[in-house]
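One file, model25.cif, is given below (mmCIF, C-alpha atoms and all ligand atoms).
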```cif
data_data
loop_
_atom_site.group_PDB
_atom_site.id
_atom_site.type_symbol
_atom_site.label_atom_id
_atom_site.label_comp_id
_atom_site.auth_asym_id
_atom_site.auth_seq_id
_atom_site.Cartn_x
_atom_site.Cartn_y
_atom_site.Cartn_z
ATOM 1 C CA MET J 103 0.000 0.000 0.000
ATOM 2 C CA THR J 104 1.403 3.343 -1.038
ATOM 3 C CA VAL J 105 0.940 6.228 1.375
ATOM 4 C CA LEU J 106 0.062 9.541 -0.271
ATOM 5 C CA ILE J 107 1.894 12.296 1.592
ATOM 6 C CA ARG J 108 -0.492 15.222 1.510
ATOM 7 C CA GLY J 109 1.672 18.216 2.262
ATOM 8 C CA LYS J 110 -1.359 20.433 1.990
ATOM 9 C CA GLU J 111 -2.840 18.980 5.186
ATOM 10 C CA LEU J 112 0.312 19.366 7.279
ATOM 11 C CA ALA J 113 0.857 22.855 5.835
ATOM 12 C CA GLU J 114 -2.660 23.886 6.885
ATOM 13 C CA LYS J 115 -2.032 22.545 10.381
ATOM 14 C CA ILE J 116 1.224 24.510 10.662
ATOM 15 C CA VAL J 117 -0.406 27.711 9.377
ATOM 16 C CA ASP J 118 -3.339 27.279 11.811
ATOM 17 C CA GLU J 119 -0.921 26.869 14.724
ATOM 18 C CA ILE J 120 1.019 29.971 13.656
ATOM 19 C CA GLU J 121 -2.229 31.946 13.339
ATOM 20 C CA LYS J 122 -3.189 30.965 16.905
ATOM 21 C CA GLU J 123 0.235 31.898 18.265
ATOM 22 C CA VAL J 124 0.287 35.268 16.475
ATOM 23 C CA LYS J 125 -3.025 36.205 18.147
ATOM 24 C CA ASN J 126 -1.178 36.174 21.490
ATOM 25 C CA TYR J 127 1.175 38.977 20.483
ATOM 26 C CA ASP J 128 0.412 42.688 20.461
ATOM 27 C CA LYS J 129 2.606 43.142 17.363
ATOM 28 C CA LYS J 130 2.325 41.396 14.019
ATOM 29 C CA PRO J 131 5.240 39.603 12.348
ATOM 30 C CA GLY J 132 6.211 41.469 9.169
ATOM 31 C CA LEU J 133 7.106 39.747 5.898
ATOM 32 C CA THR J 134 8.150 41.673 2.807
ATOM 33 C CA VAL J 135 8.526 39.968 -0.553
ATOM 34 C CA ILE J 136 10.289 41.644 -3.469
ATOM 35 C CA ILE J 137 9.382 40.490 -6.959
ATOM 36 C CA VAL J 138 11.180 41.780 -10.040
ATOM 37 C CA GLY J 139 9.644 41.553 -13.511
ATOM 38 C CA GLU J 140 6.711 39.626 -14.901
ATOM 39 C CA ASN J 141 7.572 35.930 -14.481
ATOM 40 C CA PRO J 142 4.052 34.377 -14.326
ATOM 41 C CA ALA J 143 5.051 31.441 -12.092
ATOM 42 C CA SER J 144 6.824 33.788 -9.648
ATOM 43 C CA LYS J 145 3.713 35.986 -9.532
ATOM 44 C CA VAL J 146 1.544 32.988 -8.612
ATOM 45 C CA TYR J 147 3.975 31.916 -5.854
ATOM 46 C CA VAL J 148 4.285 35.436 -4.439
ATOM 47 C CA ASN J 149 0.495 35.898 -4.359
ATOM 48 C CA LYS J 150 0.122 32.635 -2.458
ATOM 49 C CA LYS J 151 2.815 33.703 0.020
ATOM 50 C CA LYS J 152 1.083 37.028 0.644
ATOM 51 C CA LYS J 153 -2.389 35.498 1.024
ATOM 52 C CA THR J 154 -1.216 32.816 3.438
ATOM 53 C CA ALA J 155 0.802 35.318 5.474
ATOM 54 C CA GLU J 156 -2.269 37.532 5.821
ATOM 55 C CA LYS J 157 -4.396 34.541 6.820
ATOM 56 C CA ALA J 158 -1.913 33.843 9.616
ATOM 57 C CA GLY J 159 -2.239 37.441 10.846
ATOM 58 C CA PHE J 160 1.096 38.762 9.534
ATOM 59 C CA ASN J 161 1.765 42.173 8.024
ATOM 60 C CA SER J 162 2.606 41.177 4.484
ATOM 61 C CA GLU J 163 3.873 43.520 1.820
ATOM 62 C CA VAL J 164 4.841 42.780 -1.769
ATOM 63 C CA ILE J 165 7.185 45.206 -3.527
ATOM 64 C CA GLU J 166 6.795 44.830 -7.295
ATOM 65 C CA LEU J 167 9.711 46.196 -9.284
ATOM 66 C CA PRO J 168 10.094 46.457 -13.063
ATOM 67 C CA GLU J 169 12.371 44.118 -15.025
ATOM 68 C CA THR J 170 14.626 47.140 -15.668
ATOM 69 C CA VAL J 171 15.414 47.840 -11.992
ATOM 70 C CA SER J 172 19.152 48.321 -11.431
ATOM 71 C CA GLN J 173 21.350 46.406 -9.009
ATOM 72 C CA GLN J 174 21.844 49.566 -6.959
ATOM 73 C CA GLU J 175 18.096 50.345 -6.770
ATOM 74 C CA LEU J 176 17.314 46.803 -5.667
ATOM 75 C CA GLU J 177 20.062 46.929 -3.033
ATOM 76 C CA ASN J 178 18.646 50.240 -1.769
ATOM 77 C CA TYR J 179 15.254 48.591 -1.237
ATOM 78 C CA ILE J 180 16.936 45.837 0.766
ATOM 79 C CA ASP J 181 18.889 48.378 2.851
ATOM 80 C CA ASN J 182 15.630 50.124 3.735
ATOM 81 C CA LEU J 183 13.984 46.839 4.725
ATOM 82 C CA ASN J 184 17.049 45.833 6.777
ATOM 83 C CA ASN J 185 16.642 49.093 8.708
ATOM 84 C CA ASN J 186 12.848 48.876 9.094
ATOM 85 C CA PRO J 187 11.970 47.438 12.532
ATOM 86 C CA ALA J 188 8.471 46.437 11.327
ATOM 87 C CA VAL J 189 10.036 44.001 8.855
ATOM 88 C CA ASP J 190 11.098 40.655 10.318
ATOM 89 C CA GLY J 191 11.559 38.719 7.094
ATOM 90 C CA ILE J 192 12.769 39.728 3.638
ATOM 91 C CA LEU J 193 12.326 37.447 0.633
ATOM 92 C CA VAL J 194 13.573 38.298 -2.848
ATOM 93 C CA GLN J 195 11.747 36.003 -5.241
ATOM 94 C CA LEU J 196 14.097 34.131 -7.578
ATOM 95 C CA PRO J 197 14.954 33.966 -10.415
ATOM 96 C CA LEU J 198 16.070 37.567 -10.929
ATOM 97 C CA PRO J 199 16.662 39.120 -14.375
ATOM 98 C CA GLY J 200 20.036 38.362 -15.956
ATOM 99 C CA HIS J 201 21.546 41.822 -15.396
ATOM 100 C CA ILE J 202 21.128 41.472 -11.613
ATOM 101 C CA ASN J 203 23.756 39.651 -9.567
ATOM 102 C CA ALA J 204 21.540 37.478 -7.364
ATOM 103 C CA TYR J 205 24.417 36.444 -5.084
ATOM 104 C CA ASP J 206 25.141 40.074 -4.180
ATOM 105 C CA ILE J 207 21.427 40.704 -3.580
ATOM 106 C CA ILE J 208 21.147 37.729 -1.226
ATOM 107 C CA GLU J 209 24.297 38.821 0.613
ATOM 108 C CA LYS J 210 22.819 42.280 1.112
ATOM 109 C CA ILE J 211 19.937 40.896 3.208
ATOM 110 C CA ASN J 212 20.586 40.975 6.950
ATOM 111 C CA PRO J 213 21.042 37.255 7.848
ATOM 112 C CA GLU J 214 18.647 37.793 10.773
ATOM 113 C CA LYS J 215 15.935 38.813 8.284
ATOM 114 C CA ASP J 216 16.783 36.179 5.647
ATOM 115 C CA VAL J 217 13.572 34.091 5.765
ATOM 116 C CA ASP J 218 14.816 31.974 2.862
ATOM 117 C CA GLY J 219 18.002 30.912 4.649
ATOM 118 C CA PHE J 220 19.928 31.701 1.436
ATOM 119 C CA HIS J 221 22.453 34.158 2.902
ATOM 120 C CA PRO J 222 25.957 32.622 3.104
ATOM 121 C CA VAL J 223 25.833 33.014 6.899
ATOM 122 C CA ASN J 224 22.694 30.882 7.096
ATOM 123 C CA ALA J 225 23.751 28.465 4.337
ATOM 124 C CA GLY J 226 27.141 28.107 6.074
ATOM 125 C CA LYS J 227 25.576 27.523 9.473
ATOM 126 C CA LEU J 228 23.415 24.792 7.950
ATOM 127 C CA VAL J 229 26.371 23.015 6.336
ATOM 128 C CA THR J 230 28.449 23.167 9.513
ATOM 129 C CA GLY J 231 25.612 21.908 11.716
ATOM 130 C CA LEU J 232 25.095 25.203 13.567
ATOM 131 C CA ASN J 233 21.654 26.748 14.015
ATOM 132 C CA PRO J 234 20.832 29.017 11.043
ATOM 133 C CA TYR J 235 18.491 31.960 11.721
ATOM 134 C CA ALA J 236 16.291 30.338 9.080
ATOM 135 C CA VAL J 237 16.548 27.157 7.005
ATOM 136 C CA SER J 238 15.524 27.143 3.324
ATOM 137 C CA CYS J 239 11.779 26.665 3.156
ATOM 138 C CA THR J 240 11.326 23.843 0.643
ATOM 139 C CA PRO J 241 14.080 21.572 2.048
ATOM 140 C CA TYR J 242 12.935 22.076 5.622
ATOM 141 C CA GLY J 243 9.335 21.444 4.525
ATOM 142 C CA ILE J 244 10.440 18.142 2.986
ATOM 143 C CA VAL J 245 12.171 17.059 6.209
ATOM 144 C CA ARG J 246 9.037 17.954 8.185
ATOM 145 C CA LEU J 247 6.974 15.796 5.797
ATOM 146 C CA LEU J 248 9.342 12.843 6.248
ATOM 147 C CA GLU J 249 9.300 13.241 10.038
ATOM 148 C CA GLU J 250 5.517 13.645 10.211
ATOM 149 C CA ASN J 251 5.114 10.377 8.303
ATOM 150 C CA ASN J 252 7.660 8.583 10.544
ATOM 151 C CA ILE J 253 9.966 7.940 7.607
ATOM 152 C CA GLU J 254 13.346 7.098 9.061
ATOM 153 C CA ILE J 255 16.233 9.231 7.791
ATOM 154 C CA GLU J 256 19.167 8.007 9.886
ATOM 155 C CA GLY J 257 21.279 5.426 8.074
ATOM 156 C CA LYS J 258 19.102 5.520 4.962
ATOM 157 C CA ASN J 259 20.226 6.091 1.382
ATOM 158 C CA ALA J 260 18.874 9.488 0.326
ATOM 159 C CA VAL J 261 19.234 10.551 -3.293
ATOM 160 C CA VAL J 262 18.531 14.146 -4.278
ATOM 161 C CA ILE J 263 18.220 14.905 -7.979
ATOM 162 C CA GLY J 264 19.140 18.567 -8.466
ATOM 163 C CA ARG J 265 21.915 20.661 -6.904
ATOM 164 C CA SER J 266 20.277 24.082 -6.676
ATOM 165 C CA ASN J 267 21.038 26.474 -3.830
ATOM 166 C CA ILE J 268 17.267 26.667 -3.212
ATOM 167 C CA VAL J 269 16.549 22.950 -2.796
ATOM 168 C CA GLY J 270 19.224 20.358 -3.607
ATOM 169 C CA LYS J 271 22.198 21.661 -1.622
ATOM 170 C CA PRO J 272 20.390 22.703 1.581
ATOM 171 C CA LEU J 273 18.324 19.505 1.531
ATOM 172 C CA ALA J 274 21.497 17.427 1.229
ATOM 173 C CA SER J 275 22.836 19.188 4.349
ATOM 174 C CA LEU J 276 19.602 18.679 6.300
ATOM 175 C CA LEU J 277 19.559 14.967 5.469
ATOM 176 C CA LEU J 278 23.282 14.560 6.176
ATOM 177 C CA ASN J 279 22.849 16.323 9.539
ATOM 178 C CA ARG J 280 20.197 13.679 10.284
ATOM 179 C CA ASN J 281 22.687 10.914 9.449
ATOM 180 C CA ALA J 282 21.406 9.830 6.045
ATOM 181 C CA THR J 283 23.891 8.701 3.404
ATOM 182 C CA VAL J 284 23.297 11.388 0.807
ATOM 183 C CA THR J 285 23.953 11.373 -2.935
ATOM 184 C CA VAL J 286 23.334 14.553 -4.928
ATOM 185 C CA CYS J 287 22.746 13.977 -8.637
ATOM 186 C CA HIS J 288 22.765 16.565 -11.422
ATOM 187 C CA SER J 289 22.874 17.004 -15.182
ATOM 188 C CA ARG J 290 26.342 15.423 -15.496
ATOM 189 C CA THR J 291 25.589 12.419 -13.274
ATOM 190 C CA LYS J 292 26.239 9.075 -14.933
ATOM 191 C CA ASN J 293 23.945 6.096 -14.236
ATOM 192 C CA LEU J 294 21.228 8.331 -12.758
ATOM 193 C CA LYS J 295 18.572 5.615 -12.938
ATOM 194 C CA GLU J 296 20.798 3.069 -11.204
ATOM 195 C CA ILE J 297 21.720 5.515 -8.394
ATOM 196 C CA CYS J 298 18.057 6.424 -7.871
ATOM 197 C CA SER J 299 17.025 2.783 -7.719
ATOM 198 C CA ARG J 300 19.134 2.369 -4.550
ATOM 199 C CA ALA J 301 17.414 5.259 -2.736
ATOM 200 C CA ASP J 302 15.287 4.723 0.357
ATOM 201 C CA ILE J 303 14.413 8.403 0.095
ATOM 202 C CA LEU J 304 14.331 9.859 -3.420
ATOM 203 C CA VAL J 305 13.820 13.584 -3.925
ATOM 204 C CA ALA J 306 13.355 14.986 -7.426
ATOM 205 C CA ALA J 307 14.062 18.704 -7.770
ATOM 206 C CA VAL J 308 15.224 19.211 -11.346
ATOM 207 C CA GLY J 309 12.317 20.759 -13.230
ATOM 208 C CA ARG J 310 11.885 17.986 -15.820
ATOM 209 C CA ALA J 311 8.320 16.745 -16.138
ATOM 210 C CA LYS J 312 7.839 13.054 -15.285
ATOM 211 C CA LEU J 313 11.602 12.330 -15.373
ATOM 212 C CA VAL J 314 11.473 9.706 -12.607
ATOM 213 C CA LYS J 315 9.904 6.450 -13.806
ATOM 214 C CA ALA J 316 8.808 3.367 -11.891
ATOM 215 C CA ASP J 317 11.950 1.408 -12.800
ATOM 216 C CA TRP J 318 14.082 4.142 -11.134
ATOM 217 C CA VAL J 319 12.431 3.502 -7.790
ATOM 218 C CA LYS J 320 13.214 0.932 -5.099
ATOM 219 C CA PRO J 321 10.020 -0.826 -3.937
ATOM 220 C CA GLY J 322 8.740 0.880 -0.787
ATOM 221 C CA ALA J 323 10.910 4.013 -1.187
ATOM 222 C CA ALA J 324 9.732 7.453 -0.094
ATOM 223 C CA VAL J 325 9.494 9.596 -3.241
ATOM 224 C CA ILE J 326 9.317 13.357 -2.823
ATOM 225 C CA ASP J 327 8.463 15.437 -5.870
ATOM 226 C CA VAL J 328 9.535 19.088 -5.850
ATOM 227 C CA GLY J 329 8.825 19.625 -9.574
ATOM 228 C CA MET J 330 6.265 22.102 -10.873
ATOM 229 C CA ASN J 331 6.347 21.795 -14.644
ATOM 230 C CA ARG J 332 3.891 22.757 -17.340
ATOM 231 C CA THR J 333 3.551 20.019 -19.948
ATOM 232 C CA GLU J 334 2.850 20.799 -23.625
ATOM 233 C CA ASP J 335 -0.887 20.416 -23.040
ATOM 234 C CA GLY J 336 -0.687 23.078 -20.304
ATOM 235 C CA LYS J 337 -1.136 20.653 -17.407
ATOM 236 C CA LEU J 338 0.886 20.811 -14.199
ATOM 237 C CA ALA J 339 3.280 17.872 -13.760
ATOM 238 C CA GLY J 340 5.917 17.023 -11.183
ATOM 239 C CA ASP J 341 9.389 15.613 -11.852
ATOM 240 C CA VAL J 342 8.011 12.165 -11.008
ATOM 241 C CA ASP J 343 5.739 10.111 -13.257
ATOM 242 C CA PHE J 344 3.117 9.858 -10.519
ATOM 243 C CA ASP J 345 0.842 7.255 -12.173
ATOM 244 C CA GLU J 346 3.703 4.780 -12.646
ATOM 245 C CA VAL J 347 5.715 5.486 -9.506
ATOM 246 C CA SER J 348 2.780 5.490 -7.085
ATOM 247 C CA GLU J 349 2.347 1.764 -7.841
ATOM 248 C CA LYS J 350 5.832 1.028 -6.553
ATOM 249 C CA ALA J 351 6.783 3.622 -3.919
ATOM 250 C CA GLY J 352 5.994 3.237 -0.227
ATOM 251 C CA TYR J 353 5.297 6.946 0.093
ATOM 252 C CA ILE J 354 4.780 9.603 -2.566
ATOM 253 C CA THR J 355 3.927 13.304 -2.655
ATOM 254 C CA PRO J 356 1.370 14.525 -5.208
ATOM 255 C CA VAL J 357 1.791 17.582 -7.443
ATOM 256 C CA PRO J 358 0.052 19.862 -6.667
ATOM 257 C CA GLY J 359 -0.727 19.522 -2.940
ATOM 258 C CA GLY J 360 2.531 17.909 -1.840
ATOM 259 C CA VAL J 361 5.705 19.905 -1.262
ATOM 260 C CA GLY J 362 4.432 23.278 -2.570
ATOM 261 C CA PRO J 363 2.114 24.165 0.351
ATOM 262 C CA MET J 364 4.853 23.153 2.809
ATOM 263 C CA THR J 365 7.231 25.730 1.323
ATOM 264 C CA ILE J 366 4.781 28.485 2.221
ATOM 265 C CA ALA J 367 4.021 27.081 5.672
ATOM 266 C CA ILE J 368 7.749 27.006 6.486
ATOM 267 C CA LEU J 369 8.142 30.538 5.158
ATOM 268 C CA LEU J 370 5.631 31.656 7.806
ATOM 269 C CA PHE J 371 7.309 29.460 10.425
ATOM 270 C CA ASN J 372 10.638 31.149 9.590
ATOM 271 C CA THR J 373 9.117 34.636 9.674
ATOM 272 C CA LEU J 374 7.615 33.951 13.103
ATOM 273 C CA LYS J 375 10.963 32.619 14.326
ATOM 274 C CA LEU J 376 12.726 35.801 13.161
ATOM 275 C CA PHE J 377 9.931 37.951 14.689
ATOM 276 C CA LYS J 378 10.609 36.260 18.046
ATOM 277 C CA LEU J 379 14.335 36.866 17.607
ATOM 278 C CA HIS J 380 13.674 40.585 17.024
ATOM 279 C CA ASN J 381 11.173 41.094 19.868
HETATM 280 N N1 LIG H 1 11.996 30.676 -6.326
HETATM 281 C C1 LIG H 1 11.599 29.372 -6.261
HETATM 282 N N2 LIG H 1 11.577 28.941 -4.978
HETATM 283 C C2 LIG H 1 11.971 29.984 -4.219
HETATM 284 C C3 LIG H 1 12.147 30.159 -2.807
HETATM 285 O O1 LIG H 1 11.944 29.238 -1.994
HETATM 286 N N3 LIG H 1 12.556 31.381 -2.412
HETATM 287 C C4 LIG H 1 12.804 32.388 -3.299
HETATM 288 N N4 LIG H 1 13.222 33.554 -2.803
HETATM 289 N N5 LIG H 1 12.664 32.262 -4.602
HETATM 290 C C5 LIG H 1 12.246 31.069 -5.056
#
```
Represent the structure contained in this file as structure tokens.
Ligand code: GUN
Amino acid sequence: MTVLIRGKELAEKIVDEIEKEVKNYDKKPGLTVIIVGENPASKVYVNKKKKTAEKAGFNSEVIELPETVSQQELENYIDNLNNNPAVDGILVQLPLPGHINAYDIIEKINPEKDVDGFHPVNAGKLVTGLNPYAVSCTPYGIVRLLEENNIEIEGKNAVVIGRSNIVGKPLASLLLNRNATVTVCHSRTKNLKEICSRADILVAAVGRAKLVKADWVKPGAAVIDVGMNRTEDGKLAGDVDFDEVSEKAGYITPVPGGVGPMTIAILLFNTLKLFKLHN
């Protein structure tokens, strides 16, 4: 029997708990999201972040900047937010336009307001096993899903497909810190299918629709799908071929309703954590 891991349900529980906690405070946690340009997927994500933050009782602001914004202008916005005591968390939605140096933008954010956990201080703390001010939302959401479903991590073979700074690398650290044996695969990996077929925990975060097939999956494995791809017919598809793989996996996340809602729930969790650090 395959267990469907409904991230949406756990995410709603986390958001409800945050909402209750926030009611106890006489100040509201403040989250500001900066979005640059017109990327339709980014707009959808940012709207969801704002709506959920408001539902939880946060002050939530979205700063929309044109595609043509300069590096200096964007850094000035971040400086202002760093100095604004009503702002606990700053999130710059990625990707940024090509003329912007995203690394410099991330480094400009005060690590104590870095809700994404992307700043080198937070990323470095995560790798070295220290406590980051915030841990990247999607990877931490995945670990929460594994823990909630009593999926053992310690001593298990975990394979992460994708080496992004947003998901693959921080997730590898989180799993390694929990004593998994971690393999990170990427576009130059040889024998990808064979490596995946040894995974007890398989996480796909590459952005290739239905890449992971049933014969890539060990029977009973936990399969976590981070993909959000549009297929040619306009449908939403994960990185995992759900119909095939759900017959073989022990646990599987759906797309949508799996990892996505957890990313937002952890974003609020991180904002609340930073709010408590600042107050
Ligand atoms: N783009 C895709 N996922 C994320 C995320 O978790 N944070 C930010 N800032 N941008 C993203």
Collect all residues with atoms no farther than 10 Å from ligand LIG 1 (chain H), counting all atoms listed in the file, and output them as a PyMOL selection string. chain J and resi 135-137+143-144+147-148+192-198+208+216-220+238-241+267-269+362+365-366+368-369
Closest atom pairs, segment 205-258 of chain J residues within 12 Å of segment 313-324 of chain J, only C-alpha atoms, as a tab-separated table:
```
residue	atom	partner	partner_atom	distance
J:Ile244	CA	J:Ala324	CA	11.1
J:Val245	CA	J:Ala324	CA	11.7
J:Leu247	CA	J:Ala324	CA	10.6
J:Leu248	CA	J:Ala324	CA	8.3
J:Glu249	CA	J:Ala324	CA	11.7
J:Asn251	CA	J:Ala324	CA	10.0
J:Asn252	CA	J:Ala324	CA	10.9
J:Ile253	CA	J:Ala324	CA	7.7
J:Glu254	CA	J:Ala324	CA	9.8
J:Ile255	CA	J:Ala324	CA	10.4
J:Lys258	CA	J:Ala323	CA	10.4
```
Write the selection just made, keeping C-alpha atoms, as an mmCIF file, in the coordinates of the input?
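Dumped to result09.cif:
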```
data_model
loop_
_atom_site.group_PDB
_atom_site.id
_atom_site.type_symbol
_atom_site.label_atom_id
_atom_site.label_comp_id
_atom_site.auth_asym_id
_atom_site.auth_seq_id
_atom_site.Cartn_x
_atom_site.Cartn_y
_atom_site.Cartn_z
ATOM 1 C CA ILE J 244 10.440 18.142 2.986
ATOM 2 C CA VAL J 245 12.171 17.059 6.209
ATOM 3 C CA LEU J 247 6.974 15.796 5.797
ATOM 4 C CA LEU J 248 9.342 12.843 6.248
ATOM 5 C CA GLU J 249 9.300 13.241 10.038
ATOM 6 C CA ASN J 251 5.114 10.377 8.303
ATOM 7 C CA ASN J 252 7.660 8.583 10.544
ATOM 8 C CA ILE J 253 9.966 7.940 7.607
ATOM 9 C CA GLU J 254 13.346 7.098 9.061
ATOM 10 C CA ILE J 255 16.233 9.231 7.791
ATOM 11 C CA LYS J 258 19.102 5.520 4.962
#
```
Carefully work through the PyMOL selection byres (((chain J and resi 121) around 12) and not hetatm) for this structure and note down the residues it includes, as an mmCIF file with C-alpha atoms, in the coordinates of the input.
```
data_model
loop_
_atom_site.group_PDB
_atom_site.id
_atom_site.type_symbol
_atom_site.label_atom_id
_atom_site.label_comp_id
_atom_site.auth_asym_id
_atom_site.auth_seq_id
_atom_site.Cartn_x
_atom_site.Cartn_y
_atom_site.Cartn_z
ATOM 1 C CA GLU J 114 -2.660 23.886 6.885
ATOM 2 C CA LYS J 115 -2.032 22.545 10.381
ATOM 3 C CA ILE J 116 1.224 24.510 10.662
ATOM 4 C CA VAL J 117 -0.406 27.711 9.377
ATOM 5 C CA ASP J 118 -3.339 27.279 11.811
ATOM 6 C CA GLU J 119 -0.921 26.869 14.724
ATOM 7 C CA ILE J 120 1.019 29.971 13.656
ATOM 8 C CA LYS J 122 -3.189 30.965 16.905
ATOM 9 C CA GLU J 123 0.235 31.898 18.265
ATOM 10 C CA VAL J 124 0.287 35.268 16.475
ATOM 11 C CA LYS J 125 -3.025 36.205 18.147
ATOM 12 C CA ASN J 126 -1.178 36.174 21.490
ATOM 13 C CA TYR J 127 1.175 38.977 20.483
ATOM 14 C CA LYS J 130 2.325 41.396 14.019
ATOM 15 C CA PRO J 131 5.240 39.603 12.348
ATOM 16 C CA THR J 154 -1.216 32.816 3.438
ATOM 17 C CA ALA J 155 0.802 35.318 5.474
ATOM 18 C CA GLU J 156 -2.269 37.532 5.821
ATOM 19 C CA LYS J 157 -4.396 34.541 6.820
ATOM 20 C CA ALA J 158 -1.913 33.843 9.616
ATOM 21 C CA GLY J 159 -2.239 37.441 10.846
ATOM 22 C CA PHE J 160 1.096 38.762 9.534
ATOM 23 C CA ALA J 367 4.021 27.081 5.672
ATOM 24 C CA LEU J 370 5.631 31.656 7.806
ATOM 25 C CA PHE J 371 7.309 29.460 10.425
ATOM 26 C CA LEU J 374 7.615 33.951 13.103
#
```
Which protein, DNA or RNA residues have an atom at most 12 Å from (23.0, 48.9, -9.4), counting only C-alpha atoms? List them as a PyMOL selection string. chain J and resi 170-179+201-204+206-207
Given the file shown, determine the residues that the PyMOL selection byres (((chain J and resi 265) around 12) and not hetatm) selects; report them as a list in words.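 So the PyMOL selection byres (((chain J and resi 265) around 12) and not hetatm) ends up selecting Pro241, Val261, Val262, Ile263, Gly264, Ser266, Asn267, Ile268, Val269, Gly270, Lys271, Pro272, Leu273, Ala274, Ser275, Thr285, Val286, Cys287, His288, Ser289, Arg290, Thr291, Val305, Ala306, Ala307, Val308 and Gly309 of chain J.
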For the residues selected in the previous step, produce a file with C-alpha atoms as an mmCIF file, keeping the file's coordinate frame.
```
data_model
loop_
_atom_site.group_PDB
_atom_site.id
_atom_site.type_symbol
_atom_site.label_atom_id
_atom_site.label_comp_id
_atom_site.auth_asym_id
_atom_site.auth_seq_id
_atom_site.Cartn_x
_atom_site.Cartn_y
_atom_site.Cartn_z
ATOM 1 C CA PRO J 241 14.080 21.572 2.048
ATOM 2 C CA VAL J 261 19.234 10.551 -3.293
ATOM 3 C CA VAL J 262 18.531 14.146 -4.278
ATOM 4 C CA ILE J 263 18.220 14.905 -7.979
ATOM 5 C CA GLY J 264 19.140 18.567 -8.466
ATOM 6 C CA SER J 266 20.277 24.082 -6.676
ATOM 7 C CA ASN J 267 21.038 26.474 -3.830
ATOM 8 C CA ILE J 268 17.267 26.667 -3.212
ATOM 9 C CA VAL J 269 16.549 22.950 -2.796
ATOM 10 C CA GLY J 270 19.224 20.358 -3.607
ATOM 11 C CA LYS J 271 22.198 21.661 -1.622
ATOM 12 C CA PRO J 272 20.390 22.703 1.581
ATOM 13 C CA LEU J 273 18.324 19.505 1.531
ATOM 14 C CA ALA J 274 21.497 17.427 1.229
ATOM 15 C CA SER J 275 22.836 19.188 4.349
ATOM 16 C CA THR J 285 23.953 11.373 -2.935
ATOM 17 C CA VAL J 286 23.334 14.553 -4.928
ATOM 18 C CA CYS J 287 22.746 13.977 -8.637
ATOM 19 C CA HIS J 288 22.765 16.565 -11.422
ATOM 20 C CA SER J 289 22.874 17.004 -15.182
ATOM 21 C CA ARG J 290 26.342 15.423 -15.496
ATOM 22 C CA THR J 291 25.589 12.419 -13.274
ATOM 23 C CA VAL J 305 13.820 13.584 -3.925
ATOM 24 C CA ALA J 306 13.355 14.986 -7.426
ATOM 25 C CA ALA J 307 14.062 18.704 -7.770
ATOM 26 C CA VAL J 308 15.224 19.211 -11.346
ATOM 27 C CA GLY J 309 12.317 20.759 -13.230
#
```
Applied to this file, what does the PyMOL selection byres (((chain J and resi 103) around 10) and not hetatm) return in terms of residues, put as a ChimeraX atom specification? /J:104-106,322,348-353
As an exercise, work out the distance from atom CA of Glu166 of chain J to atom CA of Pro234 of chain J in Å and give it to one decimal place. 28.0 Å
